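So this block is structure.cif, mmCIF, C-alpha atoms:
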data_work
#
loop_
_atom_site.label_atom_id
_atom_site.label_comp_id
_atom_site.auth_asym_id
_atom_site.auth_seq_id
_atom_site.Cartn_x
_atom_site.Cartn_y
_atom_site.Cartn_z
CA ALA F 102 -18.34 6.93 -1.46
CA THR F 103 -17.38 7.50 2.14
CA THR F 104 -14.93 10.14 3.28
CA THR F 105 -12.22 9.65 5.88
CA SER F 106 -10.31 12.65 7.17
CA VAL F 107 -6.71 12.10 8.20
CA LEU F 108 -4.74 14.76 10.02
CA VAL F 109 -1.08 14.88 9.09
CA GLY F 110 0.66 16.47 12.04
CA LYS F 111 0.35 15.72 15.72
CA ALA F 112 -2.17 12.96 15.21
CA SER F 113 -2.32 9.29 14.39
CA PHE F 114 -2.32 8.47 10.69
CA SER F 115 -2.62 4.72 10.86
CA SER F 116 -4.81 2.43 12.89
CA ALA F 117 -1.99 -0.09 12.47
CA GLY F 118 0.21 1.95 14.77
CA LEU F 119 1.87 4.46 12.46
CA SER F 120 1.64 8.12 13.38
CA PHE F 121 3.36 11.22 12.10
CA VAL F 122 5.01 13.88 14.20
CA GLY F 123 5.74 17.12 12.40
CA PRO F 124 4.19 20.29 11.02
CA ALA F 125 0.48 19.87 10.42
CA ARG F 126 -0.64 20.31 6.82
CA GLY F 127 -4.33 20.31 7.47
CA VAL F 128 -7.08 17.84 6.75
CA VAL F 129 -8.03 16.82 3.24
CA PRO F 130 -10.74 14.15 2.63
CA LEU F 131 -9.74 10.81 1.24
CA GLN F 132 -12.39 9.36 -1.03
CA SER F 133 -13.02 5.70 -0.27
CA PRO F 134 -14.21 3.63 -3.25
CA ILE F 135 -16.33 1.34 -1.08
CA LEU F 136 -18.80 1.60 1.73
CA PRO F 137 -17.57 0.27 5.08
CA GLY F 138 -18.75 -3.27 5.64
CA ARG F 139 -20.02 -3.64 2.08
CA PRO F 140 -18.54 -6.21 -0.33
CA TRP F 141 -16.86 -5.01 -3.50
CA ARG F 142 -18.61 -6.83 -6.32
CA SER F 143 -16.40 -7.89 -9.18
CA GLN F 144 -15.71 -11.01 -11.19
CA PRO F 145 -14.11 -13.53 -8.81
CA PRO F 146 -11.50 -16.10 -9.80
CA LYS F 147 -12.60 -19.68 -10.29
CA SER F 148 -12.21 -20.38 -6.57
CA SER F 149 -15.06 -19.04 -4.47
CA LEU F 150 -14.14 -16.04 -2.34
CA GLN F 151 -17.48 -15.78 -0.53
CA ALA F 152 -15.81 -16.14 2.87
CA LEU F 153 -12.96 -13.68 2.21
CA ARG F 154 -13.03 -10.76 4.66
CA LEU F 155 -10.55 -7.92 4.91
CA TYR F 156 -10.44 -5.89 8.12
CA GLY F 157 -9.04 -2.40 7.82
CA SER F 158 -9.62 1.31 7.37
CA GLN F 159 -8.82 3.87 4.71
CA GLY F 160 -6.27 5.62 6.91
CA SER F 161 -4.09 2.55 7.42
CA ARG F 162 -2.02 0.13 5.36
CA SER F 163 -5.02 -2.02 4.53
CA PRO F 164 -5.71 -0.27 1.17
CA LEU F 165 -2.61 -1.94 -0.26
CA VAL F 166 -4.36 -5.29 0.26
CA ASN F 167 -7.51 -3.86 -1.33
CA TRP F 168 -5.33 -2.89 -4.30
CA TYR F 169 -4.18 -6.44 -4.90
CA LEU F 170 -7.66 -7.88 -4.42
CA TYR F 171 -8.97 -5.49 -7.08
CA GLU F 172 -6.09 -6.40 -9.40
CA ILE F 173 -6.97 -10.12 -9.30
CA GLY F 174 -10.72 -9.48 -9.53
CA ALA F 175 -11.48 -10.98 -6.13
CA GLU F 176 -14.86 -10.81 -4.46
CA PHE F 177 -14.45 -9.95 -0.79
CA GLU F 178 -16.14 -8.23 2.12
CA MET F 179 -14.50 -5.08 3.47
CA ILE F 180 -14.97 -4.76 7.21
CA ASP F 181 -14.34 -1.28 8.59
CA VAL F 182 -12.83 -1.78 12.04
CA GLY F 183 -14.32 1.40 13.46
CA GLY F 184 -17.31 -0.45 14.85
CA ILE F 185 -15.84 -3.75 16.00
CA ASP F 186 -13.96 -4.99 19.06
CA ARG F 187 -10.38 -5.72 17.99
CA SER F 188 -9.56 -7.21 21.38
CA SER F 189 -12.00 -10.05 20.75
CA PRO F 190 -10.47 -13.53 20.35
CA SER F 191 -12.34 -13.81 17.06
CA PHE F 192 -10.44 -10.88 15.51
CA PRO F 193 -7.90 -12.26 12.99
CA ASN F 194 -4.94 -10.37 14.47
CA PRO F 195 -4.23 -11.20 18.13
CA PHE F 196 -2.43 -7.85 18.44
CA GLY F 197 -5.55 -5.96 17.32
CA GLN F 198 -3.84 -4.26 14.40
CA ILE F 199 -4.82 -3.94 10.74
CA PRO F 200 -4.84 -5.09 8.03
CA ALA F 201 -6.13 -8.51 8.98
CA LEU F 202 -7.79 -11.15 6.83
CA SER F 203 -10.04 -14.13 7.32
CA ASP F 204 -10.75 -16.74 4.66
CA GLY F 205 -13.00 -19.37 6.16
CA ASP F 206 -10.99 -20.89 9.00
CA VAL F 207 -7.76 -19.20 7.91
CA GLN F 208 -6.78 -16.04 9.78
CA LEU F 209 -3.90 -13.78 8.75
CA PHE F 210 -2.22 -10.56 9.79
CA GLU F 211 0.74 -8.51 8.49
CA SER F 212 0.29 -7.08 5.01
CA GLY F 213 3.11 -9.11 3.46
CA ALA F 214 1.76 -12.40 4.78
CA ILE F 215 -1.72 -11.51 3.54
CA LEU F 216 -0.46 -10.62 0.07
CA LEU F 217 1.52 -13.84 -0.28
CA TYR F 218 -1.43 -15.96 0.86
CA LEU F 219 -3.74 -14.28 -1.65
CA ALA F 220 -1.16 -14.55 -4.43
CA GLN F 221 -0.65 -18.26 -3.86
CA LYS F 222 -4.30 -19.21 -3.42
CA TYR F 223 -6.06 -16.79 -5.78
CA GLY F 224 -3.43 -14.90 -7.79
CA GLY F 225 -1.87 -17.68 -9.83
CA MET F 226 1.36 -17.97 -7.80
CA ASP F 227 0.58 -21.65 -7.27
CA SER F 228 4.00 -23.27 -7.63
CA PRO F 229 7.18 -22.91 -5.55
CA GLU F 230 8.94 -21.29 -8.51
CA LYS F 231 6.20 -18.71 -9.13
CA LEU F 232 5.88 -17.92 -5.44
CA ALA F 233 9.65 -17.49 -5.13
CA SER F 234 9.65 -14.89 -7.93
CA VAL F 235 7.38 -12.58 -5.93
CA SER F 236 7.89 -13.53 -2.28
CA LYS F 237 11.45 -12.18 -2.22
CA TRP F 238 10.13 -8.75 -3.19
CA VAL F 239 7.19 -8.81 -0.79
CA VAL F 240 9.53 -9.70 2.08
CA TRP F 241 12.04 -7.07 0.90
CA ALA F 242 9.31 -4.42 0.97
CA ASN F 243 8.44 -5.21 4.58
CA ALA F 244 11.91 -5.95 5.92
CA ALA F 245 14.16 -3.54 4.00
CA LEU F 246 12.07 -0.85 2.28
CA ASP F 247 9.71 -0.07 5.17
CA PRO F 248 12.54 1.02 7.53
CA ILE F 249 13.91 3.30 4.82
CA VAL F 250 10.58 4.93 4.02
CA PHE F 251 9.52 5.30 7.67
CA LYS F 252 11.98 6.50 10.31
CA GLU F 253 10.13 5.76 13.55
CA ASN F 254 10.73 6.27 17.24
CA GLU F 255 10.24 3.58 19.87
CA SER F 256 6.50 4.36 20.01
CA GLY F 257 6.07 3.75 16.29
CA GLN F 258 5.66 7.42 15.41
CA VAL F 259 6.99 8.36 11.97
CA LEU F 260 9.52 11.12 12.48
CA ASP F 261 11.19 11.28 9.09
CA THR F 262 12.00 9.34 5.92
CA GLY F 263 15.27 7.99 4.63
CA LEU F 264 14.12 8.81 1.09
CA LYS F 265 15.28 12.40 1.60
CA SER F 266 18.85 11.16 1.21
CA ARG F 267 20.23 8.54 -1.16
CA PRO F 268 20.11 5.18 0.64
CA ARG F 269 22.32 2.53 -0.90
CA LYS F 270 19.45 0.06 -1.32
CA ILE F 271 17.33 2.66 -3.11
CA GLU F 272 20.22 3.54 -5.40
CA ARG F 273 20.57 -0.13 -6.25
CA PHE F 274 16.82 -0.45 -6.78
CA GLU F 275 17.03 2.40 -9.29
CA GLU F 276 19.58 0.35 -11.24
CA ILE F 277 17.44 -2.79 -11.04
CA LEU F 278 14.48 -0.99 -12.61
CA GLU F 279 16.50 0.10 -15.64
CA GLY F 280 14.72 -1.32 -18.69
CA ARG F 281 11.95 -2.90 -16.62
CA GLN F 282 8.33 -1.88 -16.56
CA TRP F 283 7.60 -3.98 -13.48
CA LEU F 284 9.66 -6.13 -11.11
CA LEU F 285 8.97 -9.28 -13.14
CA GLY F 286 9.55 -7.48 -16.44
CA ASP F 287 6.40 -6.78 -18.45
CA GLU F 288 4.15 -8.62 -15.99
CA PHE F 289 2.55 -6.70 -13.11
CA SER F 290 2.43 -8.81 -9.95
CA VAL F 291 1.87 -8.83 -6.21
CA ALA F 292 5.55 -7.91 -5.88
CA ASP F 293 4.76 -4.51 -7.40
CA VAL F 294 1.81 -4.03 -5.07
CA ALA F 295 4.07 -4.52 -2.05
CA VAL F 296 7.00 -2.42 -3.23
CA ALA F 297 5.14 0.41 -4.98
CA SER F 298 2.75 0.80 -2.04
CA TYR F 299 5.56 1.63 0.35
CA LEU F 300 7.26 4.00 -2.08
CA LEU F 301 3.99 5.85 -2.67
CA TYR F 302 3.29 5.96 1.06
CA GLY F 303 6.52 7.92 1.34
CA ILE F 304 5.06 10.76 -0.70
CA MET F 305 1.75 10.57 1.18
CA PHE F 306 3.60 11.20 4.44
CA PHE F 307 6.09 13.67 3.00
CA PRO F 308 4.49 15.58 0.08
CA ASP F 309 7.66 17.61 -0.55
CA LEU F 310 9.67 14.45 -1.14
CA ASN F 311 11.44 14.51 -4.51
CA MET F 312 11.47 11.03 -6.02
CA ARG F 313 12.41 12.32 -9.48
CA LYS F 314 16.07 12.16 -8.49
CA TRP F 315 15.61 8.46 -9.27
CA PRO F 316 14.05 8.55 -12.78
CA ASN F 317 13.37 4.81 -13.03
CA ILE F 318 11.75 4.67 -9.59
CA ALA F 319 9.66 7.77 -10.28
CA ARG F 320 8.47 6.26 -13.56
CA TYR F 321 7.66 3.00 -11.80
CA MET F 322 5.72 4.79 -9.04
CA ALA F 323 3.72 6.90 -11.52
CA ALA F 324 2.74 3.81 -13.50
CA ALA F 325 1.61 2.06 -10.32
CA ALA F 326 -0.48 5.02 -9.17
CA GLN F 327 -2.15 5.20 -12.58
CA ARG F 328 -3.46 1.64 -12.42
CA PRO F 329 -7.28 1.61 -12.06
CA ALA F 330 -7.13 -0.83 -9.16
CA TYR F 331 -4.83 1.52 -7.23
CA GLY F 332 -7.34 4.35 -7.69
CA LYS F 333 -10.14 2.11 -6.40
CA ALA F 334 -8.15 1.22 -3.30
CA PHE F 335 -6.63 4.57 -2.38
CA GLY F 336 -9.05 6.98 -4.02
CA ALA F 337 -8.94 8.49 -7.49
CA LYS F 338 -7.86 11.94 -6.29
CA THR F 339 -4.99 10.58 -4.21
CA ALA F 340 -3.85 8.34 -7.08
CA ALA F 341 -3.89 11.22 -9.57
CA MET F 342 -1.91 13.49 -7.24
CA LEU F 343 0.68 10.81 -6.60
CA ALA F 344 1.12 10.13 -10.30
CA GLN F 345 1.48 13.85 -10.93
CA LYS F 346 4.04 14.16 -8.16
CA CYS F 347 6.15 11.44 -9.76
CA SER F 348 5.86 12.54 -13.37
CA GLY F 349 5.13 16.25 -13.61
CA PRO F 350 5.34 19.63 -11.88
CA LEU F 351 3.59 20.18 -8.56
CA SER F 352 -0.05 21.26 -8.73
CA GLU F 353 -1.34 24.17 -6.64
CA ASP F 354 -3.34 21.78 -4.42
CA GLU F 355 -0.19 19.75 -3.72
CA LYS F 356 1.74 22.86 -2.77
CA LYS F 357 -1.00 23.97 -0.36
CA PHE F 358 -2.22 20.75 1.22
CA GLY F 359 -0.08 17.76 0.29
CA PHE F 360 -1.99 14.48 -0.12
CA PHE F 361 -4.15 14.42 3.02
#

Write-out of the structure in structure tokens:
Amino acid sequence: ATTTSVLVGKASFSSAGLSFVGPARGVVPLQSPILPGRPWRSQPPKSSLQALRLYGSQGSRSPLVNWYLYEIGAEFEMIDVGGIDRSSPSFPNPFGQIPALSDGDVQLFESGAILLYLAQKYGGMDSPEKLASVSKWVVWANAALDPIVFKENESGQVLDTGLKSRPRKIERFEEILEGRQWLLGDEFSVADVAVASYLLYGIMFFPDLNMRKWPNIARYMAAAAQRPAYGKAFGAKTAAMLAQKCSGPLSEDEKKFGFF
């Protein structure tokens, strides 16, 4: 496994443009489940995914796409962007940001767009009705949840999180999750990948964040972090610490270092 160190403090967290301004908590290695530039070998769906390439890095939002690809058993090539020219016309995102995806002649950027493309083509969301059931949540995660989780300045630096208070939309989301295991009921879907990723990112950025004030959301987040595919994408140690943060008392490592 490779190790990426991410400094939480006066440094950039995300190659996609997110950075955090605040007290530094030190550097803790993140264990990557794959080698940069090496394909993750698993059982692919019936459609061939030989040409599927995901461009990203461990310290960005791209692991949430990895998570979904692992969930659906997709074979893909992970391209670490550290050694490539993102200003090249051949790079899938004309803005040079990650995650970005290429699938043959198809090029995609923005995590929500990538997730919906993969869900429709390879994840079984192959009818307008099925796609509608998940697309509303994927778009909600990007358009409504992201601005709550990340309070940014004009430069895209993350200054704070709205999850420290009780936002109306989060209060309503707590009610929606009552009696539900996942957003579609008992069925885990790409909708959960999109929504749970952002909620869990909130704790990654702000380790002292108390999500247990929303019992249904905390339960939902812990269940997401405990999924094997999440551990493959974000690292087993990170996944275990997030699950613990949502479902049990703080560990000594959490109190000292947070998640990075």

F:Leu155, F:Leu165, F:Ala344, F:Leu284: which is nearest Asp204 of chain F, counting all atoms listed in the file?
F:Leu155

Residues matched by the PyMOL selection byres ((chain F and resi 295-299) around 10), written as a PyMOL selection string:
chain F and resi 162+164-166+168-169+212-213+216-217+235-236+238-243+246-247+249-251+283-284+290-294+300-305+318+321-326+331

Which residue gives the smallest distance to Ala341 of chain F among F:Arg328, F:Phe306, F:Ser161, F:Asp287, with only C-alpha atoms counted?
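Counting only C-alpha atoms, the residue closest to Ala341 of chain F is F:Arg328.
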
Please indicate the distance in Å from atom CA of Phe335 of chain F to atom CA of Gln159 of chain F, rounded to one decimal place.
7.5 Å

d(atom CA of Arg154 of chain F, atom CA of Pro329 of chain F) in Å
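Interatomic distance, atom CA of Arg154 of chain F to atom CA of Pro329 of chain F: 21.6 Å.
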
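Closest to Gly174 of chain F among F:Ser158, F:Ile277, F:Gly286, F:Leu219 is F:Leu219, based on all atoms listed in the file.
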
Quote the spacing between atom CA of Lys338 of chain F and atom CA of Leu285 of chain F in Å to one decimal place.
27.9 Å

Hey, which of F:Pro229, F:Gly280, F:Pro308, F:Gly205 ends up closest to Leu264 of chain F? Count all atoms listed in the file.
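The closest residue to Leu264 of chain F is F:Pro308.
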
Which residues would end up in the selection if the PyMOL selection byres ((chain F and resi 314) around 12) were applied here, given that I need the answer as a ChimeraX atom specification?
/F:264-267,271-272,275,310-313,315-320,347-348

Using the chain letters and numbers from the file, which residues does the PyMOL selection byres ((chain F and resi 157) around 9) grab, as an MDAnalysis selection string?
chainID F and resid 116:117 155:156 158:164 179:183 198:202
